[in-house]
Amino acid sequence: MTGERDLQVLLRSMRPQLHEGRYVFTTVPGAVPEGLKPVVTVAEEEGTTLVVRQEDADRAGLAYDYVAARLTLRVHSALDAVGLTAAVAAELAAAGLSCNVVAGYFHDHLFVPYGAADEAVRLLTALAERA
């Protein structure tokens with residue numbers, strides 16, 4: 001199942017979806033602790049990065065310093081598509097919003113400052129309308 005590659009189609013079709021809850025980035029020295037269900041896991045030399053719901057990190061006693069909202073771009077983007085991440089990041093950066101992007105097989109997932117979630121959705125929806 002191949003995803004979309006055309007940047008204009010990707011932008012017009014992205015339909016950003018805001019997920020409920022607060023998400024945090026944390027790290028552990030090895031495997032995912034029992035009972036945690038991260039939405040993102042990245043193995044790095046320094047440790048395993050986890051993106052989990054804030055309440056799950058708190059319950060597990062994990063440290064974090066960035067609380068984010070999670071957005072999913074509902075378009076099925078091809079992993080070799082060019083420009084979607086750059087266009088989205090540029091739009092948010094122009095408004096002073098940080099954006100951490102994680103590509104899944106079907107969709108791109110964005111983590112933006114929690115307090116700016118509605119603004120991020122508004123900006124991305126406007127970008128889609130202009131495409």
# chains A, B, ... in the order shown; residues from 1 in each chain; ligands from 1

$ select_by_dssp --residues "chain A" --states "alpha helix (DSSP H)" --output "number ranges by chain"
A: 7-13, 54-60, 84-94, 117-130

$ residues_around --residues "Glu45 in chain A" --least-positions-apart "2" --cutoff "12 Å" --atoms "only C-alpha atoms" --output "PyMOL selection string"
chain A and resi 27-30+42-43+47-49

$ write_last_selection --atoms "N, CA and C atoms" --output "compact mmCIF listing (two decimals), in the first residue's frame"
# COMPACT_ATOMS: atom_id res chain seq x y z
N THR A 27 13.41 9.29 28.76
CA THR A 27 14.39 8.30 28.34
C THR A 27 14.63 7.30 29.45
N VAL A 28 14.89 6.07 29.06
CA VAL A 28 15.23 4.99 29.99
C VAL A 28 16.51 4.33 29.49
N PRO A 29 17.27 3.69 30.40
CA PRO A 29 18.55 3.12 29.98
C PRO A 29 18.45 1.86 29.12
N GLY A 30 17.32 1.18 29.13
CA GLY A 30 17.22 -0.07 28.38
C GLY A 30 15.84 -0.23 27.78
N VAL A 42 12.35 5.21 20.41
CA VAL A 42 13.55 5.39 19.58
C VAL A 42 14.75 4.89 20.36
N ALA A 43 15.45 3.92 19.79
CA ALA A 43 16.67 3.41 20.41
C ALA A 43 17.83 4.30 20.03
N GLY A 47 20.39 5.88 25.33
CA GLY A 47 19.25 5.28 26.02
C GLY A 47 18.08 5.16 25.06
N THR A 48 16.96 4.70 25.57
CA THR A 48 15.75 4.54 24.77
C THR A 48 14.83 5.71 25.04
N THR A 49 14.53 6.47 23.99
CA THR A 49 13.60 7.59 24.11
C THR A 49 12.19 7.04 23.99

$ residues_around --residues "Ala126 in chain A" --least-positions-apart "2" --cutoff "12 Å" --atoms "only C-alpha atoms" --output "PDB file with C-alpha atoms, in the first residue's frame"
ATOM      1  CA  LEU A  11      -0.778  19.435   1.992  1.00  0.00           C
ATOM      2  CA  ARG A  12      -4.391  19.688   0.810  1.00  0.00           C
ATOM      3  CA  SER A  13      -5.233  16.304   2.347  1.00  0.00           C
ATOM      4  CA  MET A  14      -3.355  16.388   5.665  1.00  0.00           C
ATOM      5  CA  ARG A  15      -6.424  16.948   7.923  1.00  0.00           C
ATOM      6  CA  PRO A  16      -4.558  17.449  11.234  1.00  0.00           C
ATOM      7  CA  VAL A  88       4.682  21.826   8.133  1.00  0.00           C
ATOM      8  CA  GLU A  91       4.527  26.978   8.924  1.00  0.00           C
ATOM      9  CA  LEU A  92       4.768  26.269  12.644  1.00  0.00           C
ATOM     10  CA  GLU A 119      -3.046  27.262  17.236  1.00  0.00           C
ATOM     11  CA  ALA A 120      -1.042  24.505  15.524  1.00  0.00           C
ATOM     12  CA  VAL A 121      -4.224  22.869  14.217  1.00  0.00           C
ATOM     13  CA  ARG A 122      -5.472  26.254  12.985  1.00  0.00           C
ATOM     14  CA  LEU A 123      -2.177  27.001  11.216  1.00  0.00           C
ATOM     15  CA  LEU A 124      -1.992  23.590   9.545  1.00  0.00           C
ATOM     16  CA  ALA A 128      -4.003  22.900   3.726  1.00  0.00           C
ATOM     17  CA  GLU A 129      -6.610  25.378   2.484  1.00  0.00           C
ATOM     18  CA  ARG A 130      -3.925  27.448   0.712  1.00  0.00           C
ATOM     19  CA  ALA A 131      -2.385  24.398  -1.014  1.00  0.00           C
TER      20      ALA A 131
END

$ closest_residue --among "A:Glu20, A:Phe106, A:Ala90, A:Lys37" --to "Ala68 in chain A" --atoms "only C-alpha atoms"
A:Glu20

$ residues_around --residues "range 95-102 of chain A" --least-positions-apart "2" --cutoff "8 Å" --atoms "only C-alpha atoms" --output "list in words"
Val40, Thr85, Ala89, Glu91, Leu92, Ala93, Gly104, Asp108, His109, Leu110, Phe111, Val112, Pro113, Ala116 and Ala120 of chain A

$ atom_distance --atom1 "CA of Tyr66 in chain A" --atom2 "CA of His107 in chain A"
22.6 Å

$ atom_distance --atom1 "CA of Leu79 in chain A" --atom2 "CA of Val39 in chain A"
18.5 Å

$ atom_distance --atom1 "CA of Asp6 in chain A" --atom2 "CA of Asp118 in chain A"
26.6 Å

$ closest_residue --among "A:Gly21, A:Glu44, A:Thr26, A:Ala103" --to "Ala81 in chain A" --atoms "only C-alpha atoms"
A:Ala103

$ select_by_dssp --residues "range 16-120 of chain A" --states "strand (DSSP E or B)" --output "VMD selection string"
chain A and resid 16 to 18 23 to 28 40 to 44 47 to 53 67 to 73 77 100 to 103 108 to 113

$ write_last_selection --atoms "C-alpha atoms" --output "PDB file, in the first residue's frame"
ATOM      1  CA  PRO A  16      -4.558  17.449  11.234  1.00  0.00           C
ATOM      2  CA  GLN A  17      -6.160  15.503  14.084  1.00  0.00           C
ATOM      3  CA  LEU A  18      -5.538  16.563  17.682  1.00  0.00           C
ATOM      4  CA  TYR A  23       2.513  13.676  25.925  1.00  0.00           C
ATOM      5  CA  VAL A  24       6.089  13.800  27.182  1.00  0.00           C
ATOM      6  CA  PHE A  25       9.491  12.727  25.917  1.00  0.00           C
ATOM      7  CA  THR A  26      11.502  10.717  28.420  1.00  0.00           C
ATOM      8  CA  THR A  27      14.390   8.303  28.336  1.00  0.00           C
ATOM      9  CA  VAL A  28      15.232   4.993  29.992  1.00  0.00           C
ATOM     10  CA  VAL A  40       6.947   6.381  20.019  1.00  0.00           C
ATOM     11  CA  THR A  41      10.101   4.449  20.884  1.00  0.00           C
ATOM     12  CA  VAL A  42      13.547   5.395  19.582  1.00  0.00           C
ATOM     13  CA  ALA A  43      16.671   3.411  20.414  1.00  0.00           C
ATOM     14  CA  GLU A  44      19.644   5.743  20.799  1.00  0.00           C
ATOM     15  CA  GLY A  47      19.246   5.285  26.016  1.00  0.00           C
ATOM     16  CA  THR A  48      15.752   4.540  24.770  1.00  0.00           C
ATOM     17  CA  THR A  49      13.603   7.586  24.112  1.00  0.00           C
ATOM     18  CA  LEU A  50       9.910   7.108  24.857  1.00  0.00           C
ATOM     19  CA  VAL A  51       6.980   9.351  24.077  1.00  0.00           C
ATOM     20  CA  VAL A  52       4.242   8.532  26.560  1.00  0.00           C
ATOM     21  CA  ARG A  53       1.195  10.121  28.079  1.00  0.00           C
ATOM     22  CA  VAL A  67       4.907  18.584  27.577  1.00  0.00           C
ATOM     23  CA  ALA A  68       3.380  18.262  24.124  1.00  0.00           C
ATOM     24  CA  ALA A  69       0.145  17.844  22.276  1.00  0.00           C
ATOM     25  CA  ARG A  70       0.016  15.070  19.682  1.00  0.00           C
ATOM     26  CA  LEU A  71      -1.286  15.754  16.184  1.00  0.00           C
ATOM     27  CA  THR A  72      -1.656  13.230  13.390  1.00  0.00           C
ATOM     28  CA  LEU A  73      -1.696  14.270   9.750  1.00  0.00           C
ATOM     29  CA  SER A  77       2.152   9.984   3.119  1.00  0.00           C
ATOM     30  CA  ASN A 100       8.887  17.260  16.722  1.00  0.00           C
ATOM     31  CA  VAL A 101       7.888  15.018  13.805  1.00  0.00           C
ATOM     32  CA  VAL A 102       7.747  11.233  13.828  1.00  0.00           C
ATOM     33  CA  ALA A 103       6.921   9.352  10.648  1.00  0.00           C
ATOM     34  CA  ASP A 108       3.184  11.705  10.222  1.00  0.00           C
ATOM     35  CA  HIS A 109       2.761  12.527  13.903  1.00  0.00           C
ATOM     36  CA  LEU A 110       3.618  15.947  15.295  1.00  0.00           C
ATOM     37  CA  PHE A 111       4.374  16.874  18.863  1.00  0.00           C
ATOM     38  CA  VAL A 112       3.897  20.584  19.522  1.00  0.00           C
ATOM     39  CA  PRO A 113       3.880  22.581  22.772  1.00  0.00           C
TER      40      PRO A 113
END

$ residues_around --residues "Gly83 in chain A" --least-positions-apart "3" --cutoff "8 Å" --atoms "only C-alpha atoms" --output "list in words"
Leu7, Ala86 and Ala87 of chain A

$ closest_residue --among "A:Glu46, A:Ala57, A:Thr125, A:His19" --to "Glu34 in chain A" --atoms "only C-alpha atoms"
A:Ala57

$ closest_residue --among "A:Leu10, A:Pro33, A:Leu62, A:Leu127" --to "Leu84 in chain A" --atoms "only C-alpha atoms"
A:Leu10

$ decode --residues "range 50-113 of chain A" --atoms "C-alpha atoms" --output "PDB file, in the first residue's frame"
ATOM      1  CA  LEU A  50       9.910   7.108  24.857  1.00  0.00           C
ATOM      2  CA  VAL A  51       6.980   9.351  24.077  1.00  0.00           C
ATOM      3  CA  VAL A  52       4.242   8.532  26.560  1.00  0.00           C
ATOM      4  CA  ARG A  53       1.195  10.121  28.079  1.00  0.00           C
ATOM      5  CA  GLN A  54       2.196  12.472  30.873  1.00  0.00           C
ATOM      6  CA  GLU A  55       0.168  10.627  33.500  1.00  0.00           C
ATOM      7  CA  ASP A  56       1.900   7.350  32.584  1.00  0.00           C
ATOM      8  CA  ALA A  57       5.340   8.968  32.940  1.00  0.00           C
ATOM      9  CA  ASP A  58       4.305  10.425  36.297  1.00  0.00           C
ATOM     10  CA  ARG A  59       3.016   7.056  37.495  1.00  0.00           C
ATOM     11  CA  ALA A  60       6.297   5.390  36.457  1.00  0.00           C
ATOM     12  CA  GLY A  61       8.397   8.137  38.062  1.00  0.00           C
ATOM     13  CA  LEU A  62      10.034   9.120  34.778  1.00  0.00           C
ATOM     14  CA  ALA A  63      11.560  12.565  34.354  1.00  0.00           C
ATOM     15  CA  TYR A  64      10.669  14.886  31.461  1.00  0.00           C
ATOM     16  CA  ASP A  65      10.793  18.573  30.680  1.00  0.00           C
ATOM     17  CA  TYR A  66       8.684  19.013  27.542  1.00  0.00           C
ATOM     18  CA  VAL A  67       4.907  18.584  27.577  1.00  0.00           C
ATOM     19  CA  ALA A  68       3.380  18.262  24.124  1.00  0.00           C
ATOM     20  CA  ALA A  69       0.145  17.844  22.276  1.00  0.00           C
ATOM     21  CA  ARG A  70       0.016  15.070  19.682  1.00  0.00           C
ATOM     22  CA  LEU A  71      -1.286  15.754  16.184  1.00  0.00           C
ATOM     23  CA  THR A  72      -1.656  13.230  13.390  1.00  0.00           C
ATOM     24  CA  LEU A  73      -1.696  14.270   9.750  1.00  0.00           C
ATOM     25  CA  ARG A  74      -4.472  12.048   8.413  1.00  0.00           C
ATOM     26  CA  VAL A  75      -3.056  11.787   4.883  1.00  0.00           C
ATOM     27  CA  HIS A  76      -1.209   8.555   4.065  1.00  0.00           C
ATOM     28  CA  SER A  77       2.152   9.984   3.119  1.00  0.00           C
ATOM     29  CA  ALA A  78       4.789   7.907   1.364  1.00  0.00           C
ATOM     30  CA  LEU A  79       7.950   7.493   3.389  1.00  0.00           C
ATOM     31  CA  ASP A  80       9.956   8.874   0.460  1.00  0.00           C
ATOM     32  CA  ALA A  81       7.678  11.882  -0.098  1.00  0.00           C
ATOM     33  CA  VAL A  82       9.606  15.156  -0.274  1.00  0.00           C
ATOM     34  CA  GLY A  83       8.619  18.421   1.382  1.00  0.00           C
ATOM     35  CA  LEU A  84       5.739  17.658   3.747  1.00  0.00           C
ATOM     36  CA  THR A  85       7.814  17.783   6.926  1.00  0.00           C
ATOM     37  CA  ALA A  86       9.601  20.923   5.731  1.00  0.00           C
ATOM     38  CA  ALA A  87       6.348  22.712   4.836  1.00  0.00           C
ATOM     39  CA  VAL A  88       4.682  21.826   8.133  1.00  0.00           C
ATOM     40  CA  ALA A  89       7.745  22.724  10.200  1.00  0.00           C
ATOM     41  CA  ALA A  90       8.167  26.039   8.350  1.00  0.00           C
ATOM     42  CA  GLU A  91       4.527  26.978   8.924  1.00  0.00           C
ATOM     43  CA  LEU A  92       4.768  26.269  12.644  1.00  0.00           C
ATOM     44  CA  ALA A  93       8.226  27.848  12.969  1.00  0.00           C
ATOM     45  CA  ALA A  94       6.952  31.066  11.403  1.00  0.00           C
ATOM     46  CA  ALA A  95       4.508  31.250  14.328  1.00  0.00           C
ATOM     47  CA  GLY A  96       7.246  30.486  16.849  1.00  0.00           C
ATOM     48  CA  LEU A  97       6.080  26.920  17.527  1.00  0.00           C
ATOM     49  CA  SER A  98       8.445  24.003  17.941  1.00  0.00           C
ATOM     50  CA  CYS A  99       7.499  20.753  16.247  1.00  0.00           C
ATOM     51  CA  ASN A 100       8.887  17.260  16.722  1.00  0.00           C
ATOM     52  CA  VAL A 101       7.888  15.018  13.805  1.00  0.00           C
ATOM     53  CA  VAL A 102       7.747  11.233  13.828  1.00  0.00           C
ATOM     54  CA  ALA A 103       6.921   9.352  10.648  1.00  0.00           C
ATOM     55  CA  GLY A 104       4.871   6.203  10.935  1.00  0.00           C
ATOM     56  CA  TYR A 105       4.197   3.870   8.027  1.00  0.00           C
ATOM     57  CA  PHE A 106       0.839   5.522   7.280  1.00  0.00           C
ATOM     58  CA  HIS A 107       0.943   8.974   8.860  1.00  0.00           C
ATOM     59  CA  ASP A 108       3.184  11.705  10.222  1.00  0.00           C
ATOM     60  CA  HIS A 109       2.761  12.527  13.903  1.00  0.00           C
ATOM     61  CA  LEU A 110       3.618  15.947  15.295  1.00  0.00           C
ATOM     62  CA  PHE A 111       4.374  16.874  18.863  1.00  0.00           C
ATOM     63  CA  VAL A 112       3.897  20.584  19.522  1.00  0.00           C
ATOM     64  CA  PRO A 113       3.880  22.581  22.772  1.00  0.00           C
TER      65      PRO A 113
END
